[in-house]
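**Q** Okay, so here is data28.txt, and as you'll see once you scroll down, it has compact mmCIF, C-alpha atoms.
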```
# COMPACT_ATOMS: atom_id res chain seq x y z
CA MET A 17 34.40 1.12 -4.88
CA ASN A 18 31.47 3.45 -5.60
CA ILE A 19 27.88 3.03 -4.48
CA VAL A 20 24.75 5.20 -4.60
CA LEU A 21 23.53 5.87 -1.07
CA ASN A 22 20.13 7.54 -0.59
CA GLY A 23 20.39 8.97 -4.09
CA GLU A 24 23.97 10.30 -3.76
CA SER A 25 27.23 8.81 -5.03
CA ARG A 26 29.63 7.72 -2.32
CA ALA A 27 33.12 6.26 -2.60
CA LEU A 28 34.10 3.47 -0.22
CA ALA A 29 37.77 2.78 0.46
CA THR A 30 37.32 -0.96 0.81
CA THR A 31 34.73 -3.64 0.32
CA THR A 32 32.41 -3.62 3.30
CA THR A 33 29.11 -5.00 4.57
CA VAL A 34 25.82 -3.30 5.22
CA GLY A 35 26.37 -3.64 8.96
CA ALA A 36 29.86 -2.12 8.80
CA LEU A 37 28.57 0.76 6.68
CA LEU A 38 25.83 1.54 9.20
CA ALA A 39 28.39 1.53 12.00
CA GLU A 40 30.65 3.84 9.98
CA LEU A 41 27.72 6.21 9.44
CA GLY A 42 26.89 6.18 13.14
CA LEU A 43 23.42 4.72 12.58
CA ASP A 44 21.68 2.41 15.02
CA HIS A 45 20.81 -0.70 13.00
CA ARG A 46 17.72 -1.24 15.19
CA LYS A 47 16.14 2.01 14.00
CA VAL A 48 16.55 1.78 10.23
CA ALA A 49 15.65 -0.37 7.24
CA VAL A 50 17.97 -0.98 4.29
CA GLU A 51 17.17 -1.67 0.66
CA ARG A 52 19.92 -2.86 -1.69
CA ASN A 53 19.25 -2.77 -5.42
CA LEU A 54 15.47 -2.66 -4.77
CA GLU A 55 15.66 -5.72 -2.49
CA ILE A 56 15.18 -5.39 1.27
CA VAL A 57 18.13 -6.55 3.36
CA PRO A 58 16.85 -8.37 6.49
CA ARG A 59 18.24 -6.89 9.67
CA SER A 60 19.61 -10.30 10.60
CA ALA A 61 21.71 -10.26 7.41
CA PHE A 62 23.32 -6.81 7.79
CA GLY A 63 26.63 -8.26 8.94
CA GLU A 64 26.95 -10.78 6.13
CA THR A 65 25.62 -8.76 3.19
CA SER A 66 28.63 -7.47 1.25
CA LEU A 67 28.45 -4.36 -0.87
CA THR A 68 29.78 -4.35 -4.43
CA ASP A 69 30.65 -1.63 -6.88
CA GLY A 70 27.55 0.06 -8.30
CA ASP A 71 25.17 -1.01 -5.54
CA ARG A 72 22.23 1.32 -4.87
CA LEU A 73 21.26 1.56 -1.21
CA GLU A 74 18.34 3.22 0.53
CA ILE A 75 18.47 3.68 4.30
CA VAL A 76 15.18 4.86 5.79
CA HIS A 77 13.51 5.46 9.14
CA PHE A 78 10.19 6.77 10.43
CA ILE A 79 9.45 10.48 10.76
CA GLY A 80 6.53 12.51 11.95
CA GLY A 81 4.18 12.65 8.92
CA GLY A 82 -2.57 8.42 26.37
CA ALA A 83 -5.25 8.03 28.45
CA PRO A 84 -8.15 5.86 27.29
CA PRO A 85 -11.77 6.93 26.94
CA GLU A 86 -13.99 5.87 29.81
CA ASP A 87 -16.00 3.31 27.80
CA ASP A 88 -13.77 0.28 27.27
CA ALA A 89 -16.82 -1.78 26.26
CA ASP A 90 -16.98 -0.04 22.87
CA PRO A 91 -13.57 -0.62 21.28
CA LEU A 92 -12.44 0.18 17.77
CA VAL A 93 -11.53 -3.15 16.17
CA VAL A 94 -9.25 -3.05 13.12
CA ALA A 95 -7.82 -6.23 11.59
CA GLY A 96 -8.65 -8.14 14.77
CA ARG A 97 -6.90 -5.62 17.05
CA SER A 98 -8.82 -3.65 19.67
CA PHE A 99 -8.21 0.00 20.50
CA ARG A 100 -9.93 2.10 23.14
CA SER A 101 -9.43 5.39 21.31
CA ARG A 102 -11.23 6.10 18.04
CA LEU A 103 -8.99 9.07 17.28
CA LEU A 104 -5.93 8.39 15.11
CA VAL A 105 -3.35 11.12 14.71
CA GLY A 106 -0.47 11.97 12.42
CA THR A 107 3.02 12.96 13.52
CA GLY A 108 3.97 15.65 10.99
CA LYS A 109 3.89 19.48 10.91
CA TYR A 110 4.69 20.02 14.59
CA ARG A 111 7.37 22.49 15.69
CA ASP A 112 9.51 19.75 17.20
CA PHE A 113 9.37 16.21 18.51
CA GLU A 114 8.64 17.40 22.06
CA GLU A 115 5.44 19.06 20.87
CA THR A 116 4.58 16.00 18.80
CA ALA A 117 4.82 13.74 21.83
CA ALA A 118 2.83 16.10 24.08
CA ALA A 119 0.01 16.51 21.53
CA ILE A 120 -0.29 12.77 20.94
CA LYS A 121 -0.51 12.17 24.68
CA ALA A 122 -3.21 14.84 25.05
CA SER A 123 -5.20 13.31 22.17
CA GLY A 124 -5.45 9.93 23.88
CA ALA A 125 -4.70 8.31 20.50
CA GLU A 126 -3.27 4.80 20.44
CA ILE A 127 -2.54 4.66 16.69
CA VAL A 128 -0.17 7.19 15.11
CA THR A 129 0.71 7.44 11.44
CA VAL A 130 4.37 7.64 10.48
CA ALA A 131 5.99 8.42 7.14
CA VAL A 132 9.01 6.57 5.79
CA ARG A 133 11.88 8.82 4.74
CA ARG A 134 15.60 8.55 4.05
CA VAL A 135 17.91 8.76 7.02
CA ASN A 136 19.92 11.99 7.41
CA LEU A 137 23.37 10.64 6.57
CA SER A 138 25.12 13.97 7.02
CA ASP A 139 24.18 14.08 10.71
CA PRO A 140 23.20 10.65 12.06
CA SER A 141 23.08 12.07 15.59
CA GLN A 142 19.89 13.98 14.74
CA PRO A 143 16.95 12.79 16.89
CA MET A 144 14.40 10.42 15.40
CA LEU A 145 10.66 10.24 16.01
CA ILE A 146 10.94 6.95 17.88
CA ASP A 147 13.19 8.67 20.43
CA TYR A 148 10.10 10.66 21.52
CA VAL A 149 7.12 8.55 20.44
CA SER A 150 7.86 4.92 21.18
CA PRO A 151 6.30 2.00 19.30
CA LYS A 152 6.16 0.34 22.71
CA ASP A 153 3.55 2.90 23.77
CA TYR A 154 1.70 3.44 20.48
CA THR A 155 0.77 1.41 17.44
CA PHE A 156 2.76 2.81 14.53
CA LEU A 157 0.78 2.96 11.29
CA PRO A 158 3.28 3.36 8.44
CA ASN A 159 1.78 5.29 5.54
CA THR A 160 2.69 6.03 1.95
CA ALA A 161 2.44 9.82 2.09
CA GLY A 162 4.03 11.34 -0.99
CA CYS A 163 3.59 8.26 -3.21
CA TYR A 164 2.02 8.80 -6.65
CA THR A 165 2.18 5.26 -8.08
CA ALA A 166 1.25 1.82 -6.86
CA ASP A 167 4.85 0.64 -7.23
CA GLU A 168 6.14 3.47 -5.02
CA ALA A 169 3.55 2.71 -2.36
CA VAL A 170 4.24 -1.04 -2.29
CA ARG A 171 7.99 -0.50 -2.15
CA THR A 172 7.64 2.00 0.70
CA LEU A 173 5.51 -0.27 2.85
CA ARG A 174 7.76 -3.25 2.30
CA LEU A 175 10.61 -1.14 3.64
CA ALA A 176 8.42 -0.04 6.55
CA ARG A 177 7.67 -3.65 7.44
CA GLU A 178 11.36 -4.42 7.43
CA ALA A 179 12.14 -1.41 9.63
CA GLY A 180 9.59 -2.15 12.29
CA GLY A 181 7.87 -5.43 11.58
CA TRP A 182 4.41 -3.87 11.22
CA ASP A 183 1.92 -5.32 8.77
CA LEU A 184 -0.96 -2.96 9.63
CA VAL A 185 -0.43 -0.05 7.24
CA LYS A 186 -2.16 2.96 5.75
CA LEU A 187 -2.19 3.11 1.97
CA GLU A 188 -2.55 6.37 0.08
CA VAL A 189 -1.64 6.91 -3.56
CA LEU A 190 -2.02 10.53 -4.61
CA GLY A 191 -3.17 11.78 -8.00
CA ASP A 192 -1.54 15.22 -8.10
CA GLN A 193 0.25 17.69 -5.85
CA LYS A 194 -2.41 20.40 -6.00
CA SER A 195 -5.44 18.49 -4.75
CA LEU A 196 -3.73 15.52 -3.06
CA TYR A 197 -6.81 13.54 -4.07
CA PRO A 198 -6.34 9.77 -4.25
CA ASP A 199 -5.56 8.18 -7.59
CA MET A 200 -8.05 5.37 -7.26
CA VAL A 201 -6.73 3.31 -10.19
CA GLU A 202 -3.28 3.17 -8.60
CA THR A 203 -4.80 2.75 -5.13
CA LEU A 204 -6.70 -0.36 -6.20
CA ALA A 205 -3.57 -1.84 -7.81
CA ALA A 206 -1.46 -1.14 -4.72
CA ALA A 207 -4.09 -2.53 -2.36
CA LYS A 208 -4.28 -5.78 -4.32
CA ALA A 209 -0.49 -6.21 -4.30
CA LEU A 210 -0.13 -5.41 -0.59
CA ILE A 211 -2.94 -7.69 0.53
CA SER A 212 -1.47 -10.57 -1.49
CA ASP A 213 1.84 -9.83 0.28
CA GLY A 214 0.29 -10.28 3.72
CA PHE A 215 -0.36 -6.66 4.70
CA GLN A 216 -3.43 -5.47 6.60
CA VAL A 217 -4.38 -2.40 4.58
CA MET A 218 -6.24 0.65 5.85
CA VAL A 219 -6.88 2.64 2.69
CA TYR A 220 -7.32 6.37 2.03
CA CYS A 221 -9.83 6.86 -0.76
CA THR A 222 -12.37 9.16 -2.36
CA ASP A 223 -15.86 9.33 -0.91
CA ASP A 224 -17.22 7.14 -3.71
CA PRO A 225 -19.35 4.29 -2.29
CA ILE A 226 -18.73 2.05 -5.33
CA LEU A 227 -14.94 2.31 -5.13
CA ALA A 228 -15.10 1.93 -1.36
CA ARG A 229 -16.96 -1.36 -1.82
CA ARG A 230 -14.37 -2.56 -4.35
CA LEU A 231 -11.56 -1.85 -1.87
CA GLU A 232 -13.40 -3.79 0.83
CA ASP A 233 -14.01 -6.66 -1.59
CA LEU A 234 -10.25 -6.78 -2.28
CA GLY A 235 -9.68 -7.36 1.44
CA CYS A 236 -8.85 -3.93 2.89
CA CYS A 237 -9.34 -3.98 6.66
CA ALA A 238 -10.56 -0.36 6.93
CA ILE A 239 -11.95 2.19 4.48
CA MET A 240 -10.83 5.80 4.97
CA PRO A 241 -12.74 8.23 2.74
CA LEU A 242 -11.64 11.86 2.73
CA GLY A 243 -13.88 14.44 4.33
CA ALA A 244 -12.23 17.21 2.32
CA PRO A 245 -8.78 17.71 0.71
CA ILE A 246 -5.79 16.89 2.92
CA GLY A 247 -4.83 19.80 5.17
CA SER A 248 -7.76 21.97 4.06
CA GLY A 249 -9.68 22.05 7.34
CA LEU A 250 -12.95 22.36 5.41
CA GLY A 251 -14.77 19.65 7.33
CA ILE A 252 -16.93 16.92 5.81
CA GLN A 253 -18.15 18.14 2.44
CA ASN A 254 -20.32 15.18 1.43
CA GLN A 255 -22.17 13.67 4.36
CA VAL A 256 -24.47 11.72 2.04
CA ASN A 257 -21.64 9.70 0.47
CA ILE A 258 -19.92 9.12 3.79
CA ARG A 259 -23.17 7.76 5.21
CA LEU A 260 -23.64 5.47 2.18
CA ILE A 261 -20.13 4.08 2.63
CA ILE A 262 -20.82 3.44 6.33
CA GLU A 263 -24.15 1.71 5.64
CA GLN A 264 -22.66 -0.79 3.19
CA ALA A 265 -19.34 -1.46 4.91
CA LYS A 266 -18.56 -4.55 6.98
CA VAL A 267 -15.16 -3.15 8.01
CA PRO A 268 -14.43 0.04 9.97
CA VAL A 269 -14.92 3.35 8.17
CA LEU A 270 -12.78 6.28 9.31
CA VAL A 271 -12.85 9.81 7.95
CA ASP A 272 -9.34 10.70 6.87
CA ALA A 273 -8.40 14.26 5.85
CA GLY A 274 -10.24 17.57 5.91
CA VAL A 275 -11.10 17.87 9.60
CA GLY A 276 -10.51 21.42 10.83
CA THR A 277 -11.95 21.65 14.32
CA ALA A 278 -13.69 19.63 17.01
CA SER A 279 -17.18 19.99 15.56
CA ASP A 280 -15.98 18.37 12.30
CA ALA A 281 -14.76 15.34 14.25
CA ALA A 282 -18.03 15.12 16.18
CA ILE A 283 -20.05 15.24 12.94
CA ALA A 284 -18.00 12.39 11.48
CA MET A 285 -18.68 10.27 14.54
CA GLU A 286 -22.37 11.19 14.66
CA LEU A 287 -22.69 9.98 11.06
CA GLY A 288 -21.57 6.57 12.30
CA CYS A 289 -17.89 6.60 11.41
CA ASP A 290 -15.81 4.20 13.46
CA GLY A 291 -13.04 6.72 13.89
CA VAL A 292 -11.30 9.83 12.62
CA LEU A 293 -7.71 10.32 11.47
CA MET A 294 -6.23 13.82 11.53
CA ASN A 295 -2.91 15.65 11.62
CA THR A 296 -3.01 19.27 10.44
CA ALA A 297 -6.06 20.19 12.51
CA ILE A 298 -4.06 19.52 15.66
CA ALA A 299 -0.51 20.32 14.57
CA GLN A 300 -1.38 23.69 12.98
CA ALA A 301 -3.72 24.92 15.72
CA ARG A 302 -2.50 27.88 17.78
CA SER A 303 -2.23 25.48 20.71
CA PRO A 304 -1.78 21.92 19.44
CA ILE A 305 -1.97 20.51 22.96
CA LEU A 306 -5.34 22.12 23.69
CA MET A 307 -6.70 21.17 20.28
CA ALA A 308 -5.60 17.56 20.77
CA GLY A 309 -7.65 17.44 23.96
CA ALA A 310 -10.62 19.03 22.20
CA MET A 311 -10.46 16.48 19.38
CA ARG A 312 -10.31 13.63 21.84
CA ARG A 313 -13.46 14.83 23.58
CA ALA A 314 -15.23 15.56 20.28
CA VAL A 315 -14.64 12.03 19.00
CA GLU A 316 -15.86 10.55 22.28
CA ALA A 317 -18.95 12.80 22.36
CA GLY A 318 -19.81 12.12 18.73
CA ARG A 319 -19.56 8.38 19.29
CA LEU A 320 -21.81 8.54 22.35
CA ALA A 321 -24.35 10.65 20.45
CA TYR A 322 -24.38 8.11 17.60
CA ARG A 323 -24.92 5.23 20.01
CA ALA A 324 -27.64 7.13 21.84
CA GLY A 325 -29.57 7.85 18.63
CA ARG A 326 -30.57 11.43 17.92
CA MET A 327 -34.13 12.70 18.10
CA ALA A 328 -36.11 12.90 14.88
CA LYS A 329 -36.06 16.20 13.01
CA LYS A 330 -39.45 17.88 12.76
CA ARG A 331 -40.90 20.66 10.63
CA TYR A 332 -42.74 22.33 13.52
CA ALA A 333 -42.21 23.06 17.19
CA ASP A 334 -43.06 20.44 19.80
CA PRO A 335 -43.31 21.71 23.41
CA SER A 336 -41.14 20.04 26.00
CA SER A 337 -43.61 20.54 28.89
CA PRO A 338 -46.92 18.67 28.99
CA LEU A 339 -49.99 20.69 28.07
CA ALA A 340 -52.35 18.86 30.42
CA GLY A 341 -53.15 20.70 33.67
CA LEU A 342 -52.46 24.21 32.37
CA ILE A 343 -53.94 26.92 34.62
```
What does this structure look like when you write it as structure tokens?
**A**
Amino acid sequence: MNIVLNGESRALATTTTVGALLAELGLDHRKVAVERNLEIVPRSAFGETSLTDGDRLEIVHFIGGGAPPEDDADPLVVAGRSFRSRLLVGTGKYRDFEETAAAIKASGAEIVTVAVRRVNLSDPSQPMLIDYVSPKDYTFLPNTAGCYTADEAVRTLRLAREAGGWDLVKLEVLGDQKSLYPDMVETLAAAKALISDGFQVMVYCTDDPILARRLEDLGCCAIMPLGAPIGSGLGIQNQVNIRLIIEQAKVPVLVDAGVGTASDAAIAMELGCDGVLMNTAIAQARSPILMAGAMRRAVEAGRLAYRAGRMAKKRYADPSSPLAGLI
């Protein structure tokens, strides 16, 4: 019997089940999700789902794509869930899983994004992200990094839900490989399908206030406009549009992509953003651990500055000391 497993042909000596195949491959059934002929196989059905000649299987898992702030009275609330940290971090681009775990801890983040990728069948003993960053300690936010169509994104997140049971997800549908800008037509289509399927969708989008409002009207639980292209480190390029999106939104707004250093994160928070999501700015710093701590403090400081309300800008100097009583 021949099947296609993670895109490669594989001959099986006898008829078997999904569960038996996982055991033969040395894979822990608790850490993977399985799709058979574009249909998800529930984990409870692994042992009774027989494979037949010509079946196409995908076996996936999550890969890398803290202490709380002092003020617990000002939580970030997303889809009815409260979080003390307003910094969300990605799990990709680090040297190894040990560095990933240490940086996330230093950041104080409670939500971490994870990508869904095929399991390494040639060496199932290879470590997995969840061996170092546990979903018991952090809220995993499955994302659709690398998806270029609505269908790809929806399929990926359905697999992610099967693998871990999470319905809070981050949607991104990219337009091209050079800019990694969102394809908003496909993003809107994917958001509509996912929301109708019971997902709570946090959505990566352009900094267009009109499209941001349409996504919110569809039912997205958080709007995540880019500050600059993914991985560019350019900082927020259009503060006016970000502010317009914040002013009209009734759901959290988080800057996603483009942050390069701590001052960029502080600016996003001072504008009134509810949070910031970043990966490259921490993972590609000379010292990711130190940068993670800096980003944590920048997000906290920016939030406090926003709540405090900045002084008005003036055209001319205004002395700090009183003029009355001068000698």
**Q** Please identify all polymer residues within 7 Å of Leu184 (chain A), counting only C-alpha atoms, omitting same-chain residues fewer than 5 positions from it, and present them as an mmCIF file with C-alpha atoms, in the coordinates of the input.
**A**
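Output contents, as saved in result-v4.cif:
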```
data_model
loop_
_atom_site.group_PDB
_atom_site.id
_atom_site.type_symbol
_atom_site.label_atom_id
_atom_site.label_comp_id
_atom_site.auth_asym_id
_atom_site.auth_seq_id
_atom_site.Cartn_x
_atom_site.Cartn_y
_atom_site.Cartn_z
ATOM 1 C CA LEU A 157 0.780 2.960 11.290
ATOM 2 C CA PHE A 215 -0.360 -6.660 4.700
ATOM 3 C CA GLN A 216 -3.430 -5.470 6.600
ATOM 4 C CA VAL A 217 -4.380 -2.400 4.580
#
```
**Q** Would you please work out which residue, of A:Met311, A:Ala297, A:Val48, A:Ala209, is nearest to Pro140 (chain A) when using only C-alpha atoms?
**A** A:Val48
**Q** Could you give me, as a list of chain:residue names, the residues that have an atom at most 12 Å away from the point (-24.4, 4.6, 20.1) in the coordinates of the file, using all atoms listed in the file?
**A**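 Selection result: A:Asp87, A:Ala89, A:Asp90, A:Met285, A:Glu286, A:Leu287, A:Gly288, A:Cys289, A:Asp290, A:Glu316, A:Ala317, A:Gly318, A:Arg319, A:Leu320, A:Ala321, A:Tyr322, A:Arg323, A:Ala324, A:Gly325, A:Arg326.
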**Q** CA of Thr155 (chain A) and CA of Trp182 (chain A), how far apart in Å?
**A**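 Atom-to-atom, CA of Trp182 (chain A) and CA of Thr155 (chain A) are spaced 8.9 Å apart.
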**Q** Which is closest to Gly70 (chain A) among A:Leu293, A:Val130, A:Leu21, A:Ala310, if we use only C-alpha atoms?
**A**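 The shortest atom-to-atom distance to Gly70 (chain A) comes from A:Leu21.
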**Q** Could you pull the residues within 9 Å of Asp223 (chain A), counting all atoms listed in the file, minus those fewer than 5 positions along the same chain, as a list in words?
**A**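 Listed by chain and then number, they are Ala228, Met240, Pro241, Leu242, Gly243, Asn254, Asn257, Ile258 and Ile261 of chain A.
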**Q** Measuring between only C-alpha atoms, which one of A:Ala273, A:Gln255, A:Ser66, A:Ala61 shows the shortest distance to Leu37 (chain A)?
**A**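 Of A:Ala273, A:Gln255, A:Ser66, A:Ala61, the one nearest Leu37 (chain A), counting only C-alpha atoms, is A:Ser66.
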**Q** Just give me the gap between CA of Ala122 (chain A) and CA of Asp272 (chain A) in Å, one decimal is fine.
**A**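 Calculated distance between CA of Ala122 (chain A) and CA of Asp272 (chain A) is 19.6 Å.
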**Q** Quick one: pull the distance between CA of Leu54 (chain A) and CA of Arg171 (chain A), Å, one decimal.
**A**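 Those two atoms sit 8.2 Å apart.
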**Q** Could you tell me which of A:Thr172, A:Gln193, A:Ser248, A:Thr68 comes closest to Val50 (chain A) if we count all atoms listed in the file?
**A**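 Of the candidates, the smallest distance to Val50 (chain A) is held by A:Thr172.
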**Q** Choose the residue, out of A:Ile252, A:Ala244, A:Ile146, A:Ala333, that has the smallest atom-to-atom separation from Gly180 (chain A); count all atoms listed in the file.
**A**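 Smallest separation from Gly180 (chain A) among the options: A:Ile146.
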**Q** When you get a chance, write out all heavy atoms for region 149-159 of chain A, as an mmCIF file, keeping the file's coordinate frame.
**A**
```cif
data_model
loop_
_atom_site.group_PDB
_atom_site.id
_atom_site.type_symbol
_atom_site.label_atom_id
_atom_site.label_comp_id
_atom_site.auth_asym_id
_atom_site.auth_seq_id
_atom_site.Cartn_x
_atom_site.Cartn_y
_atom_site.Cartn_z
ATOM 1 N N VAL A 149 8.393 9.263 20.516
ATOM 2 C CA VAL A 149 7.120 8.550 20.440
ATOM 3 C C VAL A 149 7.463 7.083 20.216
ATOM 4 O O VAL A 149 7.806 6.680 19.105
ATOM 5 C CB VAL A 149 6.234 9.092 19.301
ATOM 6 C CG1 VAL A 149 4.904 8.343 19.252
ATOM 7 C CG2 VAL A 149 6.005 10.587 19.458
ATOM 8 N N SER A 150 7.358 6.297 21.255
ATOM 9 C CA SER A 150 7.860 4.920 21.180
ATOM 10 C C SER A 150 6.812 3.957 20.648
ATOM 11 O O SER A 150 5.641 4.008 21.051
ATOM 12 C CB SER A 150 8.290 4.466 22.582
ATOM 13 O OG SER A 150 8.617 3.082 22.561
ATOM 14 N N PRO A 151 7.219 3.058 19.759
ATOM 15 C CA PRO A 151 6.300 2.000 19.300
ATOM 16 C C PRO A 151 5.920 1.029 20.417
ATOM 17 O O PRO A 151 5.027 0.211 20.236
ATOM 18 C CB PRO A 151 7.094 1.304 18.191
ATOM 19 C CG PRO A 151 8.520 1.642 18.448
ATOM 20 C CD PRO A 151 8.530 2.989 19.083
ATOM 21 N N LYS A 152 6.570 1.139 21.564
ATOM 22 C CA LYS A 152 6.160 0.340 22.710
ATOM 23 C C LYS A 152 4.903 0.922 23.360
ATOM 24 O O LYS A 152 4.144 0.204 24.022
ATOM 25 C CB LYS A 152 7.293 0.281 23.749
ATOM 26 C CG LYS A 152 8.546 -0.434 23.270
ATOM 27 C CD LYS A 152 9.623 -0.426 24.349
ATOM 28 C CE LYS A 152 10.896 -1.132 23.860
ATOM 29 N NZ LYS A 152 11.956 -1.085 24.904
ATOM 30 N N ASP A 153 4.697 2.221 23.165
ATOM 31 C CA ASP A 153 3.550 2.900 23.770
ATOM 32 C C ASP A 153 2.401 3.118 22.792
ATOM 33 O O ASP A 153 1.254 3.268 23.211
ATOM 34 C CB ASP A 153 3.985 4.262 24.328
ATOM 35 C CG ASP A 153 5.069 4.139 25.386
ATOM 36 O OD1 ASP A 153 5.015 3.175 26.170
ATOM 37 O OD2 ASP A 153 5.971 5.001 25.416
ATOM 38 N N TYR A 154 2.716 3.174 21.499
ATOM 39 C CA TYR A 154 1.700 3.440 20.480
ATOM 40 C C TYR A 154 1.836 2.433 19.343
ATOM 41 O O TYR A 154 2.915 1.896 19.100
ATOM 42 C CB TYR A 154 1.881 4.858 19.910
ATOM 43 C CG TYR A 154 1.754 5.954 20.941
ATOM 44 C CD1 TYR A 154 2.884 6.500 21.545
ATOM 45 C CD2 TYR A 154 0.506 6.441 21.320
ATOM 46 C CE1 TYR A 154 2.777 7.502 22.495
ATOM 47 C CE2 TYR A 154 0.383 7.445 22.274
ATOM 48 C CZ TYR A 154 1.524 7.969 22.857
ATOM 49 O OH TYR A 154 1.415 8.960 23.801
ATOM 50 N N THR A 155 0.731 2.222 18.654
ATOM 51 C CA THR A 155 0.770 1.410 17.440
ATOM 52 C C THR A 155 1.161 2.313 16.284
ATOM 53 O O THR A 155 0.433 3.257 15.948
ATOM 54 C CB THR A 155 -0.607 0.765 17.156
ATOM 55 O OG1 THR A 155 -0.902 -0.154 18.209
ATOM 56 C CG2 THR A 155 -0.588 0.034 15.824
ATOM 57 N N PHE A 156 2.314 2.057 15.700
ATOM 58 C CA PHE A 156 2.760 2.810 14.530
ATOM 59 C C PHE A 156 1.989 2.327 13.305
ATOM 60 O O PHE A 156 1.878 1.122 13.073
ATOM 61 C CB PHE A 156 4.256 2.623 14.297
ATOM 62 C CG PHE A 156 5.127 3.578 15.081
ATOM 63 C CD1 PHE A 156 4.678 4.174 16.238
ATOM 64 C CD2 PHE A 156 6.411 3.868 14.646
ATOM 65 C CE1 PHE A 156 5.482 5.044 16.962
ATOM 66 C CE2 PHE A 156 7.227 4.740 15.350
ATOM 67 C CZ PHE A 156 6.756 5.331 16.517
ATOM 68 N N LEU A 157 1.486 3.277 12.529
ATOM 69 C CA LEU A 157 0.780 2.960 11.290
ATOM 70 C C LEU A 157 1.569 3.567 10.140
ATOM 71 O O LEU A 157 1.354 4.724 9.770
ATOM 72 C CB LEU A 157 -0.646 3.526 11.338
ATOM 73 C CG LEU A 157 -1.568 3.179 10.169
ATOM 74 C CD1 LEU A 157 -1.863 1.679 10.149
ATOM 75 C CD2 LEU A 157 -2.865 3.974 10.248
ATOM 76 N N PRO A 158 2.508 2.825 9.566
ATOM 77 C CA PRO A 158 3.280 3.360 8.440
ATOM 78 C C PRO A 158 2.362 3.727 7.291
ATOM 79 O O PRO A 158 1.431 2.984 6.967
ATOM 80 C CB PRO A 158 4.219 2.209 8.066
ATOM 81 C CG PRO A 158 4.276 1.350 9.284
ATOM 82 C CD PRO A 158 2.920 1.461 9.915
ATOM 83 N N ASN A 159 2.605 4.893 6.689
ATOM 84 C CA ASN A 159 1.780 5.290 5.540
ATOM 85 C C ASN A 159 2.646 5.560 4.321
ATOM 86 O O ASN A 159 3.871 5.519 4.387
ATOM 87 C CB ASN A 159 0.891 6.497 5.890
ATOM 88 C CG ASN A 159 1.686 7.766 6.131
ATOM 89 O OD1 ASN A 159 2.802 7.933 5.655
ATOM 90 N ND2 ASN A 159 1.102 8.698 6.871
#
```
